[in-house]
file coords-v2.txt (compact mmCIF, C-alpha atoms)
# COMPACT_ATOMS: atom_id res chain seq x y z
CA MET A 182 -23.66 -29.75 23.41
CA GLU A 183 -20.54 -31.23 24.97
CA SER A 184 -19.22 -32.42 21.62
CA VAL A 185 -19.42 -28.89 20.14
CA HIS A 186 -17.47 -27.48 23.08
CA GLN A 187 -14.87 -30.22 22.60
CA ILE A 188 -14.58 -29.45 18.87
CA LYS A 189 -14.04 -25.76 19.65
CA ALA A 190 -11.42 -26.62 22.25
CA TYR A 191 -9.53 -28.87 19.84
CA ALA A 192 -9.78 -26.23 17.09
CA ARG A 193 -8.25 -23.60 19.37
CA GLU A 194 -5.50 -26.00 20.45
CA LEU A 195 -4.66 -26.53 16.76
CA ASN A 196 -4.81 -22.75 16.15
CA LEU A 197 -7.86 -23.17 13.90
CA THR A 198 -9.29 -19.92 15.19
CA SER A 199 -11.70 -19.22 12.31
CA LEU A 200 -13.13 -22.72 12.54
CA ALA A 201 -13.53 -22.42 16.31
CA ALA A 202 -15.44 -19.16 15.89
CA GLN A 203 -17.80 -20.51 13.21
CA ILE A 204 -18.33 -24.16 14.11
CA GLU A 205 -21.87 -23.73 15.52
CA PRO A 206 -23.46 -22.12 12.42
CA LEU A 207 -21.54 -24.58 10.23
CA LEU A 208 -23.01 -27.53 12.15
CA GLU A 209 -26.50 -26.02 11.98
CA GLU A 210 -26.16 -25.60 8.21
CA ALA A 211 -24.94 -29.19 7.90
CA LEU A 212 -28.04 -30.46 9.78
CA ARG A 213 -30.28 -28.61 7.30
CA LYS A 214 -28.46 -29.50 4.07
CA GLU A 215 -27.01 -32.91 5.01
CA PRO A 216 -23.84 -32.64 2.88
CA SER A 217 -21.54 -35.62 2.29
CA TYR A 218 -18.67 -36.14 4.73
CA SER A 219 -16.19 -34.97 2.11
CA ASP A 220 -18.18 -31.80 1.30
CA PHE A 221 -18.57 -30.96 4.98
CA SER A 222 -14.86 -31.51 5.59
CA LEU A 223 -14.08 -29.26 2.63
CA THR A 224 -16.36 -26.54 4.03
CA LEU A 225 -14.60 -26.66 7.40
CA LEU A 226 -11.17 -26.32 5.80
CA GLU A 227 -12.33 -23.55 3.46
CA LYS A 228 -13.65 -21.49 6.37
CA GLU A 229 -10.33 -21.78 8.17
CA ILE A 230 -8.29 -20.94 5.06
CA LEU A 231 -10.46 -17.92 4.20
CA GLY A 232 -10.23 -16.70 7.78
CA ARG A 233 -6.46 -17.00 7.77
CA ARG A 234 -6.19 -15.19 4.45
CA ALA A 235 -8.34 -12.34 5.74
CA ALA A 236 -6.30 -12.06 8.94
CA ASN A 237 -3.06 -12.17 6.98
CA LEU A 238 -4.25 -9.41 4.63
CA ALA A 239 -5.34 -7.26 7.58
CA ARG A 240 -1.91 -7.71 9.19
CA ARG A 241 -0.07 -6.80 5.99
CA ILE A 242 -2.30 -3.74 5.46
CA ARG A 243 -1.45 -2.52 8.96
CA ALA A 244 2.26 -3.05 8.30
CA ALA A 245 2.01 -1.24 4.95
CA ARG A 246 0.65 1.92 6.66
CA LEU A 247 -1.64 2.93 3.83
CA PRO A 248 -3.18 6.42 3.77
CA LEU A 249 -6.79 6.61 4.95
CA ALA A 250 -8.07 7.03 1.37
CA HIS A 251 -6.79 4.03 -0.58
CA ASP A 252 -9.77 2.24 -2.11
CA LEU A 253 -9.71 2.83 -5.87
CA ASP A 254 -13.28 1.51 -6.13
CA GLN A 255 -14.22 4.87 -4.59
CA TYR A 256 -12.05 6.89 -6.99
CA ASP A 257 -13.87 9.91 -8.43
CA HIS A 258 -13.35 9.67 -12.20
CA ALA A 259 -15.32 12.91 -12.62
CA PHE A 260 -12.30 14.68 -11.16
CA MET A 261 -10.10 15.36 -14.18
CA ASN A 262 -6.44 14.97 -13.29
CA GLY A 263 -5.00 13.40 -16.43
CA ILE A 264 -5.65 9.70 -15.74
CA SER A 265 -8.51 8.14 -17.71
CA PRO A 266 -10.70 5.27 -16.46
CA VAL A 267 -9.01 2.99 -19.03
CA GLN A 268 -5.54 3.89 -17.75
CA MET A 269 -6.66 3.39 -14.15
CA ARG A 270 -8.01 -0.06 -15.01
CA GLN A 271 -4.72 -0.99 -16.64
CA LEU A 272 -2.76 0.23 -13.63
CA ARG A 273 -4.95 -1.85 -11.30
CA GLU A 274 -4.19 -5.00 -13.29
CA LEU A 275 -0.59 -4.71 -11.94
CA VAL A 276 1.11 -6.02 -15.07
CA TRP A 277 3.72 -3.30 -14.52
CA LEU A 278 4.49 -4.75 -11.10
CA ASP A 279 5.06 -8.23 -12.51
CA GLN A 280 7.45 -6.65 -15.02
CA LYS A 281 9.35 -4.78 -12.25
CA PHE A 282 8.31 -1.41 -13.70
CA ASN A 283 8.19 1.73 -11.57
CA LEU A 284 5.53 4.45 -11.51
CA MET A 285 6.26 8.12 -10.88
CA LEU A 286 3.24 10.29 -10.10
CA THR A 287 4.06 13.96 -10.54
CA GLY A 288 1.95 17.09 -10.24
CA PRO A 289 0.73 19.80 -7.89
CA SER A 290 -0.59 19.12 -4.41
CA GLY A 291 -4.13 17.78 -4.25
CA THR A 292 -4.25 16.13 -7.68
CA GLY A 293 -4.55 12.59 -6.30
CA LYS A 294 -0.95 11.36 -6.25
CA THR A 295 -1.06 9.89 -2.73
CA TYR A 296 -4.56 8.46 -3.18
CA ILE A 297 -3.62 6.65 -6.39
CA ALA A 298 -0.30 5.42 -4.97
CA GLY A 299 -2.01 4.11 -1.84
CA GLY A 300 -4.76 2.54 -3.91
CA LEU A 301 -2.35 0.66 -6.15
CA CYS A 302 -0.44 -0.49 -3.08
CA PHE A 303 -3.73 -1.79 -1.65
CA GLU A 304 -4.49 -3.64 -4.90
CA ALA A 305 -1.05 -5.28 -4.76
CA LEU A 306 -1.51 -6.29 -1.11
CA LYS A 307 -4.83 -7.97 -1.95
CA LYS A 308 -3.08 -10.01 -4.63
CA GLY A 309 -0.42 -11.24 -2.21
CA TYR A 310 2.50 -8.93 -2.98
CA ARG A 311 4.71 -7.67 -0.14
CA CYS A 312 4.19 -3.91 -0.11
CA LEU A 313 5.01 -0.93 2.08
CA PHE A 314 3.80 2.66 1.88
CA ARG A 315 6.16 5.21 3.45
CA THR A 316 6.43 8.97 3.33
CA MET A 317 9.86 10.36 2.55
CA ASP A 318 10.04 11.67 6.11
CA GLN A 319 9.38 8.19 7.56
CA LEU A 320 11.96 6.69 5.22
CA ALA A 321 14.52 9.33 6.18
CA GLN A 322 14.05 8.54 9.88
CA THR A 323 14.60 4.82 9.21
CA ILE A 324 17.74 5.51 7.19
CA LYS A 325 19.16 7.75 9.91
CA MET A 326 18.35 5.42 12.82
CA LYS A 327 18.91 1.94 11.32
CA GLU A 328 22.37 1.65 12.92
CA MET A 329 21.14 2.99 16.27
CA THR A 330 17.87 1.28 17.16
CA THR A 331 16.52 -2.25 16.81
CA LEU A 332 13.16 -0.93 15.61
CA ALA A 333 14.72 1.02 12.72
CA ALA A 334 17.02 -1.88 11.83
CA ARG A 335 14.02 -4.22 11.67
CA GLU A 336 12.13 -1.74 9.51
CA TYR A 337 15.07 -1.38 7.12
CA LYS A 338 15.33 -5.16 6.81
CA ARG A 339 11.61 -5.26 6.00
CA LEU A 340 12.17 -2.68 3.26
CA LEU A 341 14.74 -4.94 1.60
CA GLN A 342 12.32 -7.88 1.38
CA ILE A 343 9.40 -6.29 -0.45
CA ASP A 344 7.93 -6.41 -3.94
CA LEU A 345 6.67 -2.82 -3.97
CA LEU A 346 7.77 0.29 -2.10
CA VAL A 347 5.73 3.47 -2.26
CA ILE A 348 7.70 6.61 -1.41
CA ASP A 349 5.25 9.47 -0.90
CA ASP A 350 6.27 13.12 -1.28
CA ILE A 351 9.87 12.43 -2.24
CA MET A 352 11.93 15.63 -2.44
CA MET A 353 9.23 17.63 -0.68
CA PHE A 354 12.01 18.94 1.57
CA PRO A 355 15.81 19.05 1.16
CA LEU A 356 17.69 15.94 2.34
CA ASP A 357 20.95 16.09 4.22
CA LYS A 358 23.93 14.31 2.67
CA GLU A 359 23.77 11.22 4.91
CA THR A 360 20.06 10.66 4.23
CA ALA A 361 20.47 11.28 0.50
CA VAL A 362 23.25 8.71 0.27
CA GLY A 363 21.20 6.26 2.34
CA LEU A 364 18.21 6.74 0.03
CA PHE A 365 20.40 6.01 -3.00
CA GLN A 366 21.77 2.87 -1.34
CA LEU A 367 18.25 1.63 -0.60
CA VAL A 368 17.04 2.28 -4.15
CA ASN A 369 20.22 0.73 -5.57
CA GLN A 370 19.64 -2.47 -3.57
CA LEU A 371 15.98 -2.75 -4.58
CA HIS A 372 15.73 -1.45 -8.14
CA GLU A 373 16.30 -4.82 -9.84
CA SER A 374 14.17 -6.92 -7.48
CA ALA A 375 11.23 -4.64 -6.60
CA SER A 376 9.07 -1.88 -8.02
CA PHE A 377 8.65 1.66 -6.76
CA ILE A 378 5.77 4.08 -6.81
CA ILE A 379 7.09 7.60 -6.34
CA THR A 380 4.94 10.67 -5.72
CA THR A 381 6.55 14.07 -6.10
CA ASN A 382 5.76 17.65 -6.99
CA LYS A 383 9.34 18.32 -8.13
CA ASN A 384 10.77 17.85 -11.61
CA PRO A 385 14.08 15.98 -12.08
CA LYS A 386 16.07 19.21 -12.30
CA GLN A 387 14.76 20.23 -8.88
CA TRP A 388 15.88 16.91 -7.38
CA ALA A 389 19.51 18.00 -7.75
CA GLU A 390 18.67 21.23 -5.90
CA MET A 391 16.96 19.36 -3.05
CA LEU A 392 19.89 16.95 -2.71
CA GLU A 393 22.52 19.65 -3.34
CA ASP A 394 24.34 17.03 -5.39
CA GLU A 395 23.74 16.75 -9.13
CA VAL A 396 25.77 13.53 -9.49
CA LEU A 397 23.82 11.78 -6.72
CA ALA A 398 20.49 13.02 -8.09
CA THR A 399 21.39 11.75 -11.56
CA ALA A 400 22.37 8.32 -10.22
CA LEU A 401 19.16 8.07 -8.18
CA LEU A 402 16.95 9.09 -11.10
CA ASP A 403 18.83 6.75 -13.43
CA ARG A 404 17.75 3.76 -11.35
CA LEU A 405 14.18 4.92 -10.83
CA LEU A 406 13.49 6.02 -14.40
CA TYR A 407 15.17 3.18 -16.32
CA LYS A 408 11.92 1.16 -16.37
CA CYS A 409 9.32 3.70 -15.35
CA GLU A 410 5.96 5.08 -16.39
CA ILE A 411 5.70 8.79 -15.57
CA LEU A 412 2.13 9.90 -14.86
CA ARG A 413 1.79 13.68 -14.90
CA LEU A 414 -1.28 14.71 -12.95
CA ALA A 415 -2.80 18.12 -13.45
CA GLY A 416 -5.78 20.21 -12.45
CA LYS A 417 -7.03 21.93 -9.34
CA SER A 418 -6.68 20.47 -5.87
CA TYR A 419 -9.39 17.88 -5.19
CA ARG A 420 -9.23 18.72 -1.48
CA LEU A 421 -9.83 22.43 -2.10
CA GLU A 422 -12.56 21.75 -4.66
CA ASN A 423 -14.32 19.43 -2.17
CA ARG A 424 -13.46 21.32 0.99
CA LYS A 425 -15.42 20.42 4.12
CA THR A 426 -17.03 23.13 6.24
CA ILE A 427 -18.40 23.33 9.76
CA PHE A 428 -21.22 25.65 8.64
CA ASN A 429 -24.62 24.74 7.19
CA ASP A 430 -25.47 25.85 3.68
CA VAL A 431 -28.54 27.64 4.94
CA VAL A 432 -27.93 31.36 5.43
CA GLN A 433 -29.49 32.48 8.66
CA SER A 434 -30.89 36.02 8.81
CA SER A 435 -29.91 38.20 11.74
call {"tool": "encode", "arguments": {"input": "coords-v2.txt", "output": "structure tokens"}}
result
Amino acid sequence: MESVHQIKAYARELNLTSLAAQIEPLLEEALRKEPSYSDFSLTLLEKEILGRRAANLARRIRAARLPLAHDLDQYDHAFMNGISPVQMRQLRELVWLDQKFNLMLTGPSGTGKTYIAGGLCFEALKKGYRCLFRTMDQLAQTIKMKEMTTLAAREYKRLLQIDLLVIDDIMMFPLDKETAVGLFQLVNQLHESASFIITTNKNPKQWAEMLEDEVLATALLDRLLYKCEILRLAGKSYRLENRKTIFNDVVQSS
């Protein structure tokens, strides 16, 4: 129908992309159900709003750079790492984020630190918070290059505008003096306006060794731990316990 094509053209011109994509099934449904003009108008606007929200969430998820495993609905509570289902439910409610609390996930490799941090970041994104997930190595590169490249400067500006910053594997490797100072400056700028989720396998005493500066390590920890819940994860590595193999379970005889 010519009128349908015209509606789609007008919708695209007005940047109503979700409405343009769905107008035909919406019109067919309206013919069957015969809603009032106001109800039909409401349906059209709802479809556009929901489409925009979904597109916006997808864009923010891409910008956040979440790890591949980040859906806490798939979390294996049978894997005992020190966090109970009740605690996980409370964490997912994000009351701590509204209160500008930090979380520090500590423990050996493979105990779920990155998965949980990414999952909580995903929960916050779905609720409209501005969130970024960065490894310490990615953050270090931004700190080093922010005065040299436009891309790094833009990334650093984005870091200063968020509600939640996840720093994964902090202190995994030693930091040079310039990067360590830059990390402190970033945390110092954000610690009263945003929350952090930190994952680390180092205890606070080891932070001073990795930074080679006890005073700087103390100042950094002071800001991160002032309002912070420390979650100590334990147990065997989930990855090793659930290791994939290229071989079949069936033993073939020679």
call {"tool": "closest_residue", "arguments": {"input": "coords-v2.txt", "among": "A:Leu364, A:Lys383, A:Met391, A:Leu231", "to": "A:Arg404", "atoms": "only C-alpha atoms"}}
result
A:Leu364
call {"tool": "residues_around", "arguments": {"input": "coords-v2.txt", "residues": "stretch 191-204 of chain A", "least_positions_apart": "2", "cutoff": "10 Å", "atoms": "only C-alpha atoms", "output": "list in words"}}
result
Val185, His186, Gln187, Ile188, Lys189, Pro206, Leu207, Leu208, Glu209, Glu210, Thr224, Leu225, Leu226, Glu227, Lys228, Glu229, Ile230, Leu231, Gly232, Arg233 and Ala236 of chain A
call {"tool": "atom_distance", "arguments": {"input": "coords-v2.txt", "atom1": "atom CA of A:Tyr407", "atom2": "atom CA of A:Cys312"}}
result
20.8 Å
call {"tool": "atom_distance", "arguments": {"input": "coords-v2.txt", "atom1": "atom CA of A:Leu332", "atom2": "atom CA of A:Leu346"}}
result
18.6 Å
call {"tool": "axis_aligned_box", "arguments": {"input": "coords-v2.txt", "around": "stretch 372-386 of chain A", "padding_each_side": "8 Å", "output": "AutoDock Vina command-line options"}}
result
--center_x 10.6 --center_y 6.1 --center_z -9.0 --size_x 27.4 --size_y 42.1 --size_z 22.6
call {"tool": "closest_residue", "arguments": {"input": "coords-v2.txt", "among": "A:Leu212, A:Leu345, A:Leu340, A:Leu402", "to": "A:Lys327", "atoms": "only C-alpha atoms"}}
result
A:Leu340
call {"tool": "residues_near_point", "arguments": {"input": "coords-v2.txt", "point": "(15.8, 9.1, 2.7)", "cutoff": "8 Å", "atoms": "all atoms listed in the file", "output": "JSON, numbers by chain"}}
result
{"A": [317, 318, 320, 321, 322, 323, 324, 356, 360, 361, 362, 363, 364, 365]}
call {"tool": "write_last_selection", "arguments": {"input": "coords-v2.txt", "atoms": "C-alpha atoms", "output": "short mmCIF file (atom, residue, chain, number, x, y, z; two decimals), in the frame of the given file"}}
result
data_model
loop_
_atom_site.label_atom_id
_atom_site.label_comp_id
_atom_site.auth_asym_id
_atom_site.auth_seq_id
_atom_site.Cartn_x
_atom_site.Cartn_y
_atom_site.Cartn_z
CA MET A 317 9.86 10.36 2.55
CA ASP A 318 10.04 11.67 6.11
CA LEU A 320 11.96 6.69 5.22
CA ALA A 321 14.52 9.33 6.18
CA GLN A 322 14.05 8.54 9.88
CA THR A 323 14.60 4.82 9.21
CA ILE A 324 17.74 5.51 7.19
CA LEU A 356 17.69 15.94 2.34
CA THR A 360 20.06 10.66 4.23
CA ALA A 361 20.47 11.28 0.50
CA VAL A 362 23.25 8.71 0.27
CA GLY A 363 21.20 6.26 2.34
CA LEU A 364 18.21 6.74 0.03
CA PHE A 365 20.40 6.01 -3.00
#
call {"tool": "closest_residue", "arguments": {"input": "coords-v2.txt", "among": "A:Trp277, A:Tyr337, A:Phe354, A:Tyr310", "to": "A:Ile378", "atoms": "all atoms listed in the file"}}
result
A:Trp277
call {"tool": "residues_near_point", "arguments": {"input": "coords-v2.txt", "point": "(5.2, 4.4, -10.4)", "cutoff": "10 Å", "atoms": "only C-alpha atoms", "output": "ChimeraX atom specification"}}
result
/A:272,277-278,282-287,297-298,301,345-348,376-380,405-406,408-412
call {"tool": "closest_residue", "arguments": {"input": "coords-v2.txt", "among": "A:Ala250, A:Met326, A:Leu392, A:Ala245", "to": "A:Phe314", "atoms": "all atoms listed in the file"}}
result
A:Ala245
call {"tool": "residues_around", "arguments": {"input": "coords-v2.txt", "residues": "A:His251", "least_positions_apart": "5", "cutoff": "10 Å", "atoms": "all atoms listed in the file", "output": "list of chain:residue names"}}
result
A:Tyr256, A:Thr295, A:Tyr296, A:Ile297, A:Ala298, A:Gly299, A:Gly300, A:Leu301, A:Cys302, A:Phe303, A:Glu304
call {"tool": "atom_distance", "arguments": {"input": "coords-v2.txt", "atom1": "atom CA of A:Thr399", "atom2": "atom CA of A:Leu247"}}
result
29.1 Å
call {"tool": "closest_residue", "arguments": {"input": "coords-v2.txt", "among": "A:His372, A:Lys308, A:Arg213, A:Arg413", "to": "A:Arg241", "atoms": "all atoms listed in the file"}}
result
A:Lys308
call {"tool": "residues_around", "arguments": {"input": "coords-v2.txt", "residues": "A:Asn384", "least_positions_apart": "4", "cutoff": "10 Å", "atoms": "only C-alpha atoms", "output": "ChimeraX atom specification"}}
result
/A:287-288,352,388-389
call {"tool": "closest_residue", "arguments": {"input": "coords-v2.txt", "among": "A:Ala333, A:Met269, A:Leu238, A:Leu414", "to": "A:Asn382", "atoms": "all atoms listed in the file"}}
result
A:Leu414
